[in-house]
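Engineer: Pasting a structure here, questions to come.
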Amino acid sequence: MSLKKQILAVAAVGALSAATAVPAMALENEFHGNFRVRGILSNFDDGGAGAVNLNGTNISQATGAVVKTGEPNTNTYIEQRLRLMYIAKANDNLKLVTHFEFDSRFGDNSYNSNNSFRNNGGGVGADQTNLETKNIYLDFNLPSTPMNFKVGVQGFTDAYKGIIFNNDAAGVVATAKLQNATINASFFRFDDAITVPANLTGAASGYLDAAAVGTNTQVGNLTRDFYNIGGKYNVSKDLSVGADYYALYSDVLKNLATPRTLINYVGANAAGNVGPASWSGFFLYQFGELGGNFVNSAANPDAASLAARQIKRQSVSAFAANLAGKCQAGPGTARITALYISGSQGTGGDKRTDFQTIDERGATTAGHTFFESNSMLFFRHPQATAGTDRALVFDLNNSGKGIITAFAGYDLPLGKAFVNTNVGIGAVAKDNKNQINGMSKSGDSNILGYEGNVEVGYKVFDNLTTSLQGAYLVLGDFYKDAAANGKTPDNPYTARVVVNYVF
Amino acid sequence: MRAAAFPVLASFLVAATVPAFAQTSQNQRDECLLTSRNCMDQVDDLQKRVHKLNRELKKGTRAYSPDELKKLQQKLRETNEQLRRLEESGGS
(Lines give C-alpha, C1' and ligand atoms only; values in the text may rest on other atoms or scores of the structure.)
Protein backbone atom coordinates (compact mmCIF):
# COMPACT_ATOMS: atom_id res chain seq x y z
CA MET A 1 0.00 0.00 0.00
CA SER A 2 1.39 3.38 -0.96
CA LEU A 3 1.79 6.12 1.61
CA LYS A 4 -0.99 8.11 -0.07
CA LYS A 5 -3.41 5.21 0.19
CA GLN A 6 -2.43 4.64 3.82
CA ILE A 7 -3.13 8.25 4.69
CA LEU A 8 -6.51 8.03 2.98
CA ALA A 9 -7.35 4.82 4.82
CA VAL A 10 -6.37 6.30 8.19
CA ALA A 11 -8.46 9.40 7.43
CA ALA A 12 -11.42 7.20 6.51
CA VAL A 13 -11.13 5.16 9.72
CA GLY A 14 -10.75 8.38 11.70
CA ALA A 15 -13.82 9.91 10.12
CA LEU A 16 -15.83 6.77 10.74
CA SER A 17 -14.70 6.67 14.34
CA ALA A 18 -15.55 10.31 14.87
CA ALA A 19 -18.97 9.82 13.33
CA THR A 20 -19.85 7.01 15.69
CA ALA A 21 -18.47 8.81 18.72
CA VAL A 22 -20.40 12.10 18.62
CA PRO A 23 -22.36 12.03 21.86
CA ALA A 24 -24.37 15.12 20.92
CA MET A 25 -26.33 13.02 18.49
CA ALA A 26 -27.34 10.53 21.16
CA LEU A 27 -30.75 10.67 22.73
CA GLU A 28 -30.59 11.15 26.48
CA ASN A 29 -33.28 9.12 28.22
CA GLU A 30 -34.30 10.53 31.58
CA PHE A 31 -36.63 8.81 33.99
CA HIS A 32 -37.87 10.60 37.08
CA GLY A 33 -40.69 9.89 39.41
CA ASN A 34 -42.44 10.23 42.72
CA PHE A 35 -43.85 7.34 44.70
CA ARG A 36 -45.93 8.18 47.75
CA VAL A 37 -47.86 6.07 50.19
CA ARG A 38 -50.21 7.64 52.71
CA GLY A 39 -51.82 5.87 55.64
CA ILE A 40 -54.78 7.93 56.80
CA LEU A 41 -56.94 8.08 59.91
CA SER A 42 -59.54 10.80 59.66
CA ASN A 43 -63.14 11.89 59.93
CA PHE A 44 -62.45 14.24 57.00
CA ASP A 45 -60.37 12.33 54.42
CA ASP A 46 -62.56 9.62 52.98
CA GLY A 47 -60.95 8.59 49.72
CA GLY A 48 -62.98 11.21 47.87
CA ALA A 49 -62.34 14.64 46.40
CA GLY A 50 -64.08 17.97 46.70
CA ALA A 51 -65.35 20.19 49.48
CA VAL A 52 -66.05 18.18 52.60
CA ASN A 53 -69.70 17.72 53.51
CA LEU A 54 -69.85 18.45 57.23
CA ASN A 55 -73.24 16.77 57.33
CA GLY A 56 -71.32 13.54 57.02
CA THR A 57 -73.17 10.80 58.75
CA ASN A 58 -72.22 8.22 61.29
CA ILE A 59 -73.56 5.05 59.75
CA SER A 60 -74.00 1.80 61.60
CA GLN A 61 -71.92 -0.86 59.88
CA ALA A 62 -74.29 -3.49 61.30
CA THR A 63 -77.58 -2.12 60.07
CA GLY A 64 -76.58 0.56 57.54
CA ALA A 65 -78.81 2.99 59.40
CA VAL A 66 -77.74 6.59 60.06
CA VAL A 67 -76.89 6.86 63.71
CA LYS A 68 -75.87 10.50 63.93
CA THR A 69 -75.69 13.38 61.47
CA GLY A 70 -72.74 15.76 61.50
CA GLU A 71 -70.64 13.17 63.30
CA PRO A 72 -68.91 11.28 60.51
CA ASN A 73 -67.28 7.89 60.95
CA THR A 74 -63.55 7.64 61.37
CA ASN A 75 -61.94 6.37 58.18
CA THR A 76 -58.74 4.35 58.16
CA TYR A 77 -57.12 3.44 54.85
CA ILE A 78 -53.92 3.44 52.84
CA GLU A 79 -53.40 4.78 49.36
CA GLN A 80 -50.51 5.14 46.96
CA ARG A 81 -49.49 7.26 44.01
CA LEU A 82 -46.79 6.84 41.42
CA ARG A 83 -45.87 9.58 39.03
CA LEU A 84 -43.46 8.54 36.33
CA MET A 85 -41.78 11.01 34.02
CA TYR A 86 -39.89 10.03 30.90
CA ILE A 87 -37.99 12.71 29.01
CA ALA A 88 -36.52 12.07 25.58
CA LYS A 89 -33.85 14.72 25.39
CA ALA A 90 -32.17 15.29 22.04
CA ASN A 91 -30.06 18.12 23.43
CA ASP A 92 -30.35 21.14 25.71
CA ASN A 93 -32.68 22.79 23.20
CA LEU A 94 -35.10 20.00 22.43
CA LYS A 95 -36.91 17.45 24.56
CA LEU A 96 -40.16 15.55 24.68
CA VAL A 97 -41.65 15.38 28.17
CA THR A 98 -44.10 12.65 29.13
CA HIS A 99 -45.64 12.24 32.56
CA PHE A 100 -47.80 9.36 33.77
CA GLU A 101 -49.72 8.62 36.93
CA PHE A 102 -50.92 5.45 38.70
CA ASP A 103 -53.11 5.82 41.78
CA SER A 104 -54.86 3.29 43.97
CA ARG A 105 -56.11 2.60 47.47
CA PHE A 106 -55.07 -0.60 49.18
CA GLY A 107 -57.77 -3.16 48.52
CA ASP A 108 -59.91 -1.01 46.26
CA ASN A 109 -60.32 -3.03 43.08
CA SER A 110 -58.63 -5.30 40.57
CA TYR A 111 -59.13 -6.57 37.00
CA ASN A 112 -61.28 -3.46 36.27
CA SER A 113 -64.10 -5.43 37.87
CA ASN A 114 -65.92 -2.38 39.21
CA ASN A 115 -65.89 -0.78 35.76
CA SER A 116 -63.52 1.87 37.08
CA PHE A 117 -60.07 2.26 35.61
CA ARG A 118 -58.07 5.20 36.93
CA ASN A 119 -57.39 5.52 40.68
CA ASN A 120 -57.88 1.78 41.18
CA GLY A 121 -55.77 -1.35 41.24
CA GLY A 122 -54.98 -1.98 44.91
CA GLY A 123 -57.39 -4.90 45.24
CA VAL A 124 -56.21 -8.46 45.60
CA GLY A 125 -55.03 -9.71 42.25
CA ALA A 126 -54.16 -6.17 41.14
CA ASP A 127 -53.83 -6.22 37.32
CA GLN A 128 -55.83 -3.04 36.85
CA THR A 129 -55.80 -0.86 33.76
CA ASN A 130 -54.93 2.33 35.59
CA LEU A 131 -52.32 4.29 33.68
CA GLU A 132 -53.18 7.98 33.39
CA THR A 133 -51.41 10.23 30.93
CA LYS A 134 -50.81 13.49 32.69
CA ASN A 135 -48.52 15.34 30.30
CA ILE A 136 -47.16 14.93 26.80
CA TYR A 137 -45.49 17.97 25.35
CA LEU A 138 -42.57 19.15 23.28
CA ASP A 139 -40.22 21.64 24.93
CA PHE A 140 -37.85 23.41 22.56
CA ASN A 141 -35.79 26.56 22.18
CA LEU A 142 -35.83 28.40 18.88
CA PRO A 143 -32.21 28.62 17.66
CA SER A 144 -30.60 32.08 17.68
CA THR A 145 -33.53 33.56 19.60
CA PRO A 146 -34.38 33.81 23.30
CA MET A 147 -37.66 31.97 22.64
CA ASN A 148 -38.81 28.77 24.28
CA PHE A 149 -41.96 26.90 23.33
CA LYS A 150 -43.90 24.22 25.12
CA VAL A 151 -46.52 22.58 22.94
CA GLY A 152 -48.96 19.90 24.04
CA VAL A 153 -50.69 18.69 27.19
CA GLN A 154 -48.71 20.23 30.01
CA GLY A 155 -48.86 21.57 33.54
CA PHE A 156 -49.40 25.29 33.87
CA THR A 157 -49.27 27.49 36.94
CA ASP A 158 -50.24 31.13 36.74
CA ALA A 159 -48.05 33.89 38.17
CA TYR A 160 -50.55 34.37 41.00
CA LYS A 161 -49.70 31.41 43.22
CA GLY A 162 -52.09 29.12 41.36
CA ILE A 163 -55.35 30.79 42.37
CA ILE A 164 -56.36 31.28 38.73
CA PHE A 165 -55.06 28.05 37.26
CA ASN A 166 -52.70 25.34 38.49
CA ASN A 167 -53.46 22.21 36.56
CA ASP A 168 -52.81 20.29 33.34
CA ALA A 169 -54.25 21.29 29.99
CA ALA A 170 -53.55 21.17 26.28
CA GLY A 171 -51.96 24.33 24.99
CA VAL A 172 -49.01 26.33 23.76
CA VAL A 173 -46.75 28.40 26.01
CA ALA A 174 -44.18 30.76 24.48
CA THR A 175 -41.57 32.37 26.69
CA ALA A 176 -38.88 34.89 25.80
CA LYS A 177 -36.03 35.39 28.23
CA LEU A 178 -34.34 38.73 27.78
CA GLN A 179 -31.62 40.39 29.85
CA ASN A 180 -33.66 41.14 33.00
CA ALA A 181 -37.10 40.38 31.74
CA THR A 182 -39.24 37.40 30.87
CA ILE A 183 -42.22 37.73 28.55
CA ASN A 184 -44.72 34.95 28.06
CA ALA A 185 -47.84 34.25 26.06
CA SER A 186 -50.06 31.19 26.44
CA PHE A 187 -53.10 29.61 24.91
CA PHE A 188 -54.96 26.64 26.37
CA ARG A 189 -58.04 24.85 25.12
CA PHE A 190 -59.83 23.62 28.21
CA ASP A 191 -62.90 22.20 26.52
CA ASP A 192 -63.81 21.12 23.04
CA ALA A 193 -65.94 18.20 24.06
CA ILE A 194 -68.34 16.59 21.67
CA THR A 195 -71.71 15.84 23.24
CA VAL A 196 -70.36 16.19 26.77
CA PRO A 197 -71.52 19.37 28.51
CA ALA A 198 -68.70 21.72 29.35
CA ASN A 199 -68.95 23.99 32.34
CA LEU A 200 -67.87 27.55 32.59
CA THR A 201 -66.35 28.49 35.89
CA GLY A 202 -66.58 27.19 39.38
CA ALA A 203 -69.00 29.84 40.46
CA ALA A 204 -71.17 29.36 37.44
CA SER A 205 -71.33 25.63 37.78
CA GLY A 206 -73.93 25.81 40.50
CA TYR A 207 -76.29 27.55 38.10
CA LEU A 208 -76.01 25.15 35.24
CA ASP A 209 -77.85 21.99 34.64
CA ALA A 210 -77.55 19.52 31.81
CA ALA A 211 -80.60 20.87 30.03
CA ALA A 212 -79.14 24.34 29.85
CA VAL A 213 -75.78 23.41 28.38
CA GLY A 214 -75.42 23.38 24.64
CA THR A 215 -74.22 20.25 22.95
CA ASN A 216 -71.06 20.66 20.94
CA THR A 217 -71.55 18.75 17.73
CA GLN A 218 -68.66 20.23 15.76
CA VAL A 219 -64.99 20.20 16.72
CA GLY A 220 -63.82 23.69 17.59
CA ASN A 221 -67.35 25.08 17.75
CA LEU A 222 -68.27 25.30 21.43
CA THR A 223 -65.06 25.67 23.34
CA ARG A 224 -63.67 26.99 26.60
CA ASP A 225 -60.30 28.67 26.08
CA PHE A 226 -57.74 30.32 28.32
CA TYR A 227 -55.30 33.04 27.25
CA ASN A 228 -52.43 34.74 29.00
CA ILE A 229 -49.92 37.40 28.13
CA GLY A 230 -47.59 38.78 30.73
CA GLY A 231 -44.11 39.50 31.88
CA LYS A 232 -41.74 39.77 34.74
CA TYR A 233 -38.91 42.25 35.22
CA ASN A 234 -36.03 41.92 37.64
CA VAL A 235 -35.47 45.46 38.84
CA SER A 236 -32.54 44.32 40.96
CA LYS A 237 -31.44 41.07 42.53
CA ASP A 238 -33.73 41.94 45.45
CA LEU A 239 -36.84 43.07 43.60
CA SER A 240 -38.89 41.71 40.74
CA VAL A 241 -42.22 42.95 39.42
CA GLY A 242 -44.70 41.41 37.01
CA ALA A 243 -47.91 42.20 35.19
CA ASP A 244 -50.31 39.88 33.39
CA TYR A 245 -53.54 39.65 31.49
CA TYR A 246 -55.53 36.42 31.54
CA ALA A 247 -58.82 35.65 29.85
CA LEU A 248 -61.26 32.80 30.13
CA TYR A 249 -63.50 32.65 27.09
CA SER A 250 -66.33 30.17 26.82
CA ASP A 251 -69.08 29.85 24.27
CA VAL A 252 -70.49 26.53 25.38
CA LEU A 253 -73.90 28.15 25.68
CA LYS A 254 -74.08 29.98 22.40
CA ASN A 255 -76.28 27.39 20.69
CA LEU A 256 -78.97 28.29 23.17
CA ALA A 257 -78.77 31.91 22.02
CA THR A 258 -77.49 32.95 25.40
CA PRO A 259 -74.53 35.22 25.93
CA ARG A 260 -70.99 33.91 25.98
CA THR A 261 -68.72 34.04 28.98
CA LEU A 262 -65.65 36.24 28.96
CA ILE A 263 -63.80 36.75 32.21
CA ASN A 264 -60.77 39.04 32.15
CA TYR A 265 -58.06 39.09 34.80
CA VAL A 266 -55.61 41.96 35.11
CA GLY A 267 -52.92 41.49 37.70
CA ALA A 268 -49.72 42.86 39.13
CA ASN A 269 -47.30 40.96 41.30
CA ALA A 270 -44.02 41.61 43.04
CA ALA A 271 -41.43 39.75 45.09
CA GLY A 272 -38.35 40.88 46.93
CA ASN A 273 -35.78 40.41 49.64
CA VAL A 274 -35.15 42.63 52.63
CA GLY A 275 -32.19 41.45 54.68
CA PRO A 276 -32.91 37.89 55.83
CA ALA A 277 -36.57 38.15 54.85
CA SER A 278 -38.31 37.65 51.53
CA TRP A 279 -41.79 38.77 50.57
CA SER A 280 -44.20 38.40 47.68
CA GLY A 281 -47.71 39.51 46.84
CA PHE A 282 -50.20 40.30 44.13
CA PHE A 283 -53.37 42.10 43.27
CA LEU A 284 -55.80 40.73 40.68
CA TYR A 285 -58.81 42.54 39.31
CA GLN A 286 -61.42 40.57 37.45
CA PHE A 287 -64.09 41.86 35.13
CA GLY A 288 -66.30 40.52 32.38
CA GLU A 289 -69.50 38.65 31.84
CA LEU A 290 -70.90 35.29 32.74
CA GLY A 291 -73.25 34.08 30.06
CA GLY A 292 -76.11 31.69 30.29
CA ASN A 293 -76.59 31.75 34.00
CA PHE A 294 -79.89 31.29 35.65
CA VAL A 295 -80.76 34.54 37.31
CA ASN A 296 -83.76 35.25 39.43
CA SER A 297 -86.18 37.46 37.54
CA ALA A 298 -87.74 40.62 38.91
CA ALA A 299 -91.01 38.74 39.16
CA ASN A 300 -89.42 35.89 41.04
CA PRO A 301 -86.52 37.38 43.00
CA ASP A 302 -86.14 34.36 45.28
CA ALA A 303 -87.13 31.61 42.90
CA ALA A 304 -85.46 28.37 43.84
CA SER A 305 -86.39 26.38 40.76
CA LEU A 306 -84.46 26.84 37.56
CA ALA A 307 -87.68 27.00 35.55
CA ALA A 308 -88.79 30.14 37.38
CA ARG A 309 -85.55 31.94 36.61
CA GLN A 310 -84.37 33.77 33.55
CA ILE A 311 -81.29 32.90 31.58
CA LYS A 312 -79.33 36.09 31.24
CA ARG A 313 -76.02 37.77 31.36
CA GLN A 314 -74.31 38.66 34.61
CA SER A 315 -71.54 41.22 34.81
CA VAL A 316 -68.61 40.46 37.07
CA SER A 317 -66.38 42.84 39.00
CA ALA A 318 -64.24 41.07 41.58
CA PHE A 319 -60.73 40.95 42.96
CA ALA A 320 -58.17 38.90 44.85
CA ALA A 321 -55.11 39.99 46.81
CA ASN A 322 -52.26 38.26 48.57
CA LEU A 323 -49.27 39.14 50.70
CA ALA A 324 -46.73 36.68 52.04
CA GLY A 325 -43.43 36.78 53.87
CA LYS A 326 -40.71 34.39 54.89
CA CYS A 327 -37.82 35.02 57.26
CA GLN A 328 -34.94 33.12 58.79
CA ALA A 329 -35.76 33.04 62.49
CA GLY A 330 -33.42 31.21 64.82
CA PRO A 331 -32.65 27.74 63.51
CA GLY A 332 -35.68 27.66 61.23
CA THR A 333 -37.81 29.67 58.86
CA ALA A 334 -40.95 31.56 59.78
CA ARG A 335 -43.66 31.99 57.17
CA ILE A 336 -46.85 33.99 56.88
CA THR A 337 -49.38 34.41 54.10
CA ALA A 338 -52.74 36.11 53.73
CA LEU A 339 -55.27 35.85 50.92
CA TYR A 340 -58.45 37.76 50.14
CA ILE A 341 -60.92 36.47 47.54
CA SER A 342 -63.90 38.75 47.06
CA GLY A 343 -67.40 37.43 47.61
CA SER A 344 -70.86 38.47 46.55
CA GLN A 345 -73.90 39.28 48.66
CA GLY A 346 -75.94 37.38 46.13
CA THR A 347 -75.04 35.39 43.05
CA GLY A 348 -78.40 35.57 41.31
CA GLY A 349 -78.54 39.22 40.30
CA ASP A 350 -77.29 41.10 37.25
CA LYS A 351 -74.02 42.00 38.93
CA ARG A 352 -71.68 39.77 40.83
CA THR A 353 -68.65 40.66 42.92
CA ASP A 354 -67.48 37.14 43.71
CA PHE A 355 -64.15 36.12 42.19
CA GLN A 356 -64.77 33.65 39.35
CA THR A 357 -62.60 30.59 39.62
CA ILE A 358 -61.80 27.91 37.07
CA ASP A 359 -62.85 24.32 37.51
CA GLU A 360 -62.13 21.20 35.58
CA ARG A 361 -64.85 20.04 33.23
CA GLY A 362 -66.96 18.24 35.81
CA ALA A 363 -67.02 21.37 38.00
CA THR A 364 -66.33 19.14 40.98
CA THR A 365 -62.58 19.59 40.91
CA ALA A 366 -61.05 23.01 41.17
CA GLY A 367 -58.50 23.81 38.48
CA HIS A 368 -56.78 26.16 40.88
CA THR A 369 -54.99 25.90 44.24
CA PHE A 370 -53.60 27.90 47.12
CA PHE A 371 -50.77 25.67 48.32
CA GLU A 372 -48.86 28.55 49.90
CA SER A 373 -51.06 28.24 52.98
CA ASN A 374 -49.57 24.82 53.84
CA SER A 375 -53.05 23.98 55.09
CA MET A 376 -54.07 20.33 55.43
CA LEU A 377 -57.80 20.79 56.03
CA PHE A 378 -58.85 24.31 55.11
CA PHE A 379 -57.45 24.24 51.58
CA ARG A 380 -56.28 21.50 49.25
CA HIS A 381 -52.97 19.98 50.23
CA PRO A 382 -50.16 19.59 47.67
CA GLN A 383 -49.67 15.95 48.65
CA ALA A 384 -53.23 14.95 47.80
CA THR A 385 -52.95 11.42 46.49
CA ALA A 386 -55.12 9.10 44.45
CA GLY A 387 -58.76 9.75 45.28
CA THR A 388 -58.24 11.74 48.48
CA ASP A 389 -58.33 15.48 47.84
CA ARG A 390 -60.63 17.02 50.43
CA ALA A 391 -60.77 20.57 51.76
CA LEU A 392 -63.14 22.76 53.73
CA VAL A 393 -62.74 25.40 51.01
CA PHE A 394 -62.02 23.34 47.92
CA ASP A 395 -62.96 25.99 45.39
CA LEU A 396 -61.73 29.47 46.32
CA ASN A 397 -64.95 30.99 44.98
CA ASN A 398 -66.55 29.23 47.95
CA SER A 399 -70.08 29.30 46.51
CA GLY A 400 -69.78 32.99 45.83
CA LYS A 401 -68.83 33.84 49.41
CA GLY A 402 -65.10 34.31 48.77
CA ILE A 403 -62.56 33.87 51.51
CA ILE A 404 -60.42 35.85 53.92
CA THR A 405 -57.59 33.77 55.29
CA ALA A 406 -54.21 34.00 56.97
CA PHE A 407 -51.76 31.23 57.78
CA ALA A 408 -48.49 31.38 59.71
CA GLY A 409 -45.93 28.65 60.12
CA TYR A 410 -42.47 27.69 61.23
CA ASP A 411 -40.21 25.15 59.51
CA LEU A 412 -37.50 23.70 61.72
CA PRO A 413 -34.78 21.52 60.20
CA LEU A 414 -33.07 19.20 62.70
CA GLY A 415 -30.36 17.47 60.70
CA LYS A 416 -32.08 14.72 58.79
CA ALA A 417 -35.30 15.37 60.70
CA PHE A 418 -37.69 18.30 60.38
CA VAL A 419 -40.73 19.76 62.09
CA ASN A 420 -43.15 22.00 60.19
CA THR A 421 -45.99 23.69 62.04
CA ASN A 422 -48.82 25.88 60.79
CA VAL A 423 -51.79 27.70 62.21
CA GLY A 424 -54.45 29.49 60.23
CA ILE A 425 -57.84 31.13 60.24
CA GLY A 426 -60.47 31.55 57.57
CA ALA A 427 -63.73 33.42 57.12
CA VAL A 428 -66.12 34.08 54.26
CA ALA A 429 -65.63 37.49 52.66
CA LYS A 430 -69.36 38.02 52.13
CA ASP A 431 -72.18 35.77 53.10
CA ASN A 432 -75.02 34.80 50.80
CA LYS A 433 -77.72 32.19 50.82
CA ASN A 434 -75.67 29.54 49.03
CA GLN A 435 -74.77 26.43 50.97
CA ILE A 436 -71.21 25.36 51.63
CA ASN A 437 -70.09 22.05 53.08
CA GLY A 438 -73.66 20.84 52.86
CA MET A 439 -75.12 23.53 55.07
CA SER A 440 -76.07 27.19 55.33
CA LYS A 441 -74.73 29.71 57.79
CA SER A 442 -76.53 29.33 61.07
CA GLY A 443 -74.51 31.28 63.64
CA ASP A 444 -73.79 35.02 63.71
CA SER A 445 -70.17 34.77 62.68
CA ASN A 446 -68.50 34.60 59.28
CA ILE A 447 -65.59 32.67 60.79
CA LEU A 448 -65.29 29.27 59.15
CA GLY A 449 -62.65 27.94 61.47
CA TYR A 450 -59.16 27.77 62.91
CA GLU A 451 -56.66 25.17 61.76
CA GLY A 452 -53.52 23.85 63.38
CA ASN A 453 -51.28 21.29 61.71
CA VAL A 454 -47.87 19.78 62.23
CA GLU A 455 -45.60 17.53 60.21
CA VAL A 456 -42.69 15.67 61.79
CA GLY A 457 -40.43 14.01 59.25
CA TYR A 458 -37.16 12.22 58.74
CA LYS A 459 -35.06 11.93 55.59
CA VAL A 460 -34.10 8.27 55.41
CA PHE A 461 -32.13 9.01 52.25
CA ASP A 462 -31.70 12.17 50.22
CA ASN A 463 -34.74 11.22 48.18
CA LEU A 464 -36.78 9.16 50.65
CA THR A 465 -38.72 11.02 53.33
CA THR A 466 -41.05 9.61 55.94
CA SER A 467 -43.32 11.83 57.98
CA LEU A 468 -46.24 11.99 60.34
CA GLN A 469 -48.85 14.66 59.70
CA GLY A 470 -51.60 15.76 62.00
CA ALA A 471 -54.20 18.47 61.53
CA TYR A 472 -57.20 19.67 63.51
CA LEU A 473 -59.77 22.26 62.50
CA VAL A 474 -61.94 24.00 65.08
CA LEU A 475 -65.07 25.00 63.19
CA GLY A 476 -66.15 28.60 63.59
CA ASP A 477 -69.56 29.90 64.54
CA PHE A 478 -70.54 29.98 60.88
CA TYR A 479 -71.41 26.29 61.37
CA LYS A 480 -73.04 26.67 64.79
CA ASP A 481 -76.10 24.40 64.91
CA ALA A 482 -75.93 24.18 61.11
CA ALA A 483 -75.93 20.39 60.65
CA ALA A 484 -79.04 18.72 59.25
CA ASN A 485 -80.07 17.63 62.73
CA GLY A 486 -79.70 21.16 64.09
CA LYS A 487 -76.47 20.42 65.89
CA THR A 488 -72.99 21.77 65.34
CA PRO A 489 -70.97 19.37 63.16
CA ASP A 490 -67.88 17.63 64.50
CA ASN A 491 -64.54 19.35 64.09
CA PRO A 492 -62.58 17.76 61.21
CA TYR A 493 -59.23 16.10 61.87
CA THR A 494 -56.75 14.00 59.97
CA ALA A 495 -53.64 12.01 60.80
CA ARG A 496 -51.42 10.71 58.03
CA VAL A 497 -48.29 8.60 57.78
CA VAL A 498 -46.45 9.47 54.59
CA VAL A 499 -43.60 7.74 52.77
CA ASN A 500 -42.33 9.78 49.86
CA TYR A 501 -39.66 8.78 47.32
CA VAL A 502 -38.62 11.22 44.61
CA PHE A 503 -36.02 10.51 41.98
CA MET B 1 7.27 0.57 9.52
CA ARG B 2 4.59 2.56 7.74
CA ALA B 3 2.58 -0.62 7.13
CA ALA B 4 2.66 -1.47 10.84
CA ALA B 5 1.53 2.02 11.87
CA PHE B 6 -1.88 1.73 10.22
CA PRO B 7 -3.47 -1.10 12.23
CA VAL B 8 -2.08 0.33 15.49
CA LEU B 9 -3.51 3.76 14.77
CA ALA B 10 -6.83 2.31 13.58
CA SER B 11 -7.25 0.12 16.64
CA PHE B 12 -6.42 3.08 18.87
CA LEU B 13 -9.10 5.16 17.20
CA VAL B 14 -11.68 2.41 17.43
CA ALA B 15 -10.88 1.79 21.11
CA ALA B 16 -11.25 5.48 21.88
CA THR B 17 -14.74 5.58 20.41
CA VAL B 18 -16.20 2.78 22.52
CA PRO B 19 -16.15 4.12 26.08
CA ALA B 20 -19.10 2.02 27.17
CA PHE B 21 -17.13 -1.14 26.70
CA ALA B 22 -13.93 0.24 28.11
CA GLN B 23 -15.19 1.20 31.54
CA THR B 24 -13.81 -1.68 33.51
CA SER B 25 -10.71 -3.74 33.10
CA GLN B 26 -10.49 -7.34 34.11
CA ASN B 27 -9.45 -6.49 37.64
CA GLN B 28 -12.01 -3.75 38.25
CA ARG B 29 -15.35 -4.30 39.91
CA ASP B 30 -18.40 -3.24 37.97
CA GLU B 31 -19.76 -0.77 40.51
CA CYS B 32 -22.60 0.17 38.21
CA LEU B 33 -23.85 -3.39 38.06
CA LEU B 34 -23.14 -4.04 41.72
CA THR B 35 -24.23 -0.87 43.45
CA SER B 36 -25.57 1.37 40.68
CA ARG B 37 -22.51 3.59 41.03
CA ASN B 38 -20.07 4.90 38.43
CA CYS B 39 -22.46 4.21 35.59
CA MET B 40 -21.35 5.96 32.45
CA ASP B 41 -24.89 6.31 31.17
CA GLN B 42 -26.72 7.13 34.38
CA VAL B 43 -28.96 10.15 34.81
CA ASP B 44 -28.84 11.97 38.14
CA ASP B 45 -31.95 11.90 40.24
CA LEU B 46 -33.48 15.30 40.68
CA GLN B 47 -32.18 15.94 44.21
CA LYS B 48 -28.65 15.05 43.15
CA ARG B 49 -28.97 17.37 40.18
CA VAL B 50 -30.10 20.19 42.47
CA HIS B 51 -27.10 19.50 44.75
CA LYS B 52 -24.68 19.49 41.83
CA LEU B 53 -26.12 22.64 40.29
CA ASN B 54 -25.96 24.49 43.61
CA ARG B 55 -22.39 23.31 44.08
CA GLU B 56 -21.35 24.51 40.64
CA LEU B 57 -23.18 27.83 41.06
CA LYS B 58 -21.23 28.47 44.26
CA LYS B 59 -17.99 28.33 42.26
CA GLY B 60 -19.23 31.48 40.53
CA THR B 61 -17.02 33.31 38.07
CA ARG B 62 -13.94 31.42 39.26
CA ALA B 63 -15.08 28.51 37.16
CA TYR B 64 -17.83 29.80 34.87
CA SER B 65 -18.54 32.73 32.63
CA PRO B 66 -21.58 34.92 33.46
CA ASP B 67 -23.51 33.33 30.58
CA GLU B 68 -22.68 29.85 31.80
CA LEU B 69 -23.82 30.80 35.31
CA LYS B 70 -27.12 32.02 33.89
CA LYS B 71 -27.52 28.70 32.10
CA LEU B 72 -26.85 26.82 35.33
CA GLN B 73 -29.38 29.01 37.16
CA GLN B 74 -31.94 28.28 34.47
CA LYS B 75 -31.27 24.54 34.78
CA LEU B 76 -31.69 24.82 38.56
CA ARG B 77 -35.07 26.55 38.09
CA GLU B 78 -36.15 23.88 35.61
CA THR B 79 -35.09 21.06 37.93
CA ASN B 80 -36.94 22.57 40.90
CA GLU B 81 -39.99 22.99 38.68
CA GLN B 82 -39.75 19.32 37.65
CA LEU B 83 -39.62 18.33 41.31
CA ARG B 84 -42.65 20.46 42.07
CA ARG B 85 -44.61 19.02 39.16
CA LEU B 86 -43.86 15.48 40.28
CA GLU B 87 -44.79 16.01 43.92
CA GLU B 88 -47.67 18.46 43.84
CA SER B 89 -51.23 17.47 43.27
CA GLY B 90 -53.27 19.31 40.69
CA GLY B 91 -54.64 17.73 37.60
CA SER B 92 -55.05 14.52 39.54
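Letters A, B, ... go to the chains of the C-alpha coordinates in the order shown; residues in each chain start at 1; ligands are counted from 1 in the same order.
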Return as number ranges by chain the residues belonging to chain A that are within 6 Å of chain B, counting only C-alpha atoms.

Structural biologist: A: 21, 34, 167-168, 382-384, 503

Engineer: Show which residues sit within 7 Å of Tyr501 (chain A), as a list in words. Count only C-alpha atoms, and ignore same-chain residues fewer than 6 positions away.

Structural biologist: Asn34, Phe35, Arg36, Asn463, Leu464 and Thr465 of chain A

Engineer: Could you tell me how far CA of Ala366 (chain A) sits from CA of Arg77 (chain B), in Å to one decimal place?

Structural biologist: 26.4 Å
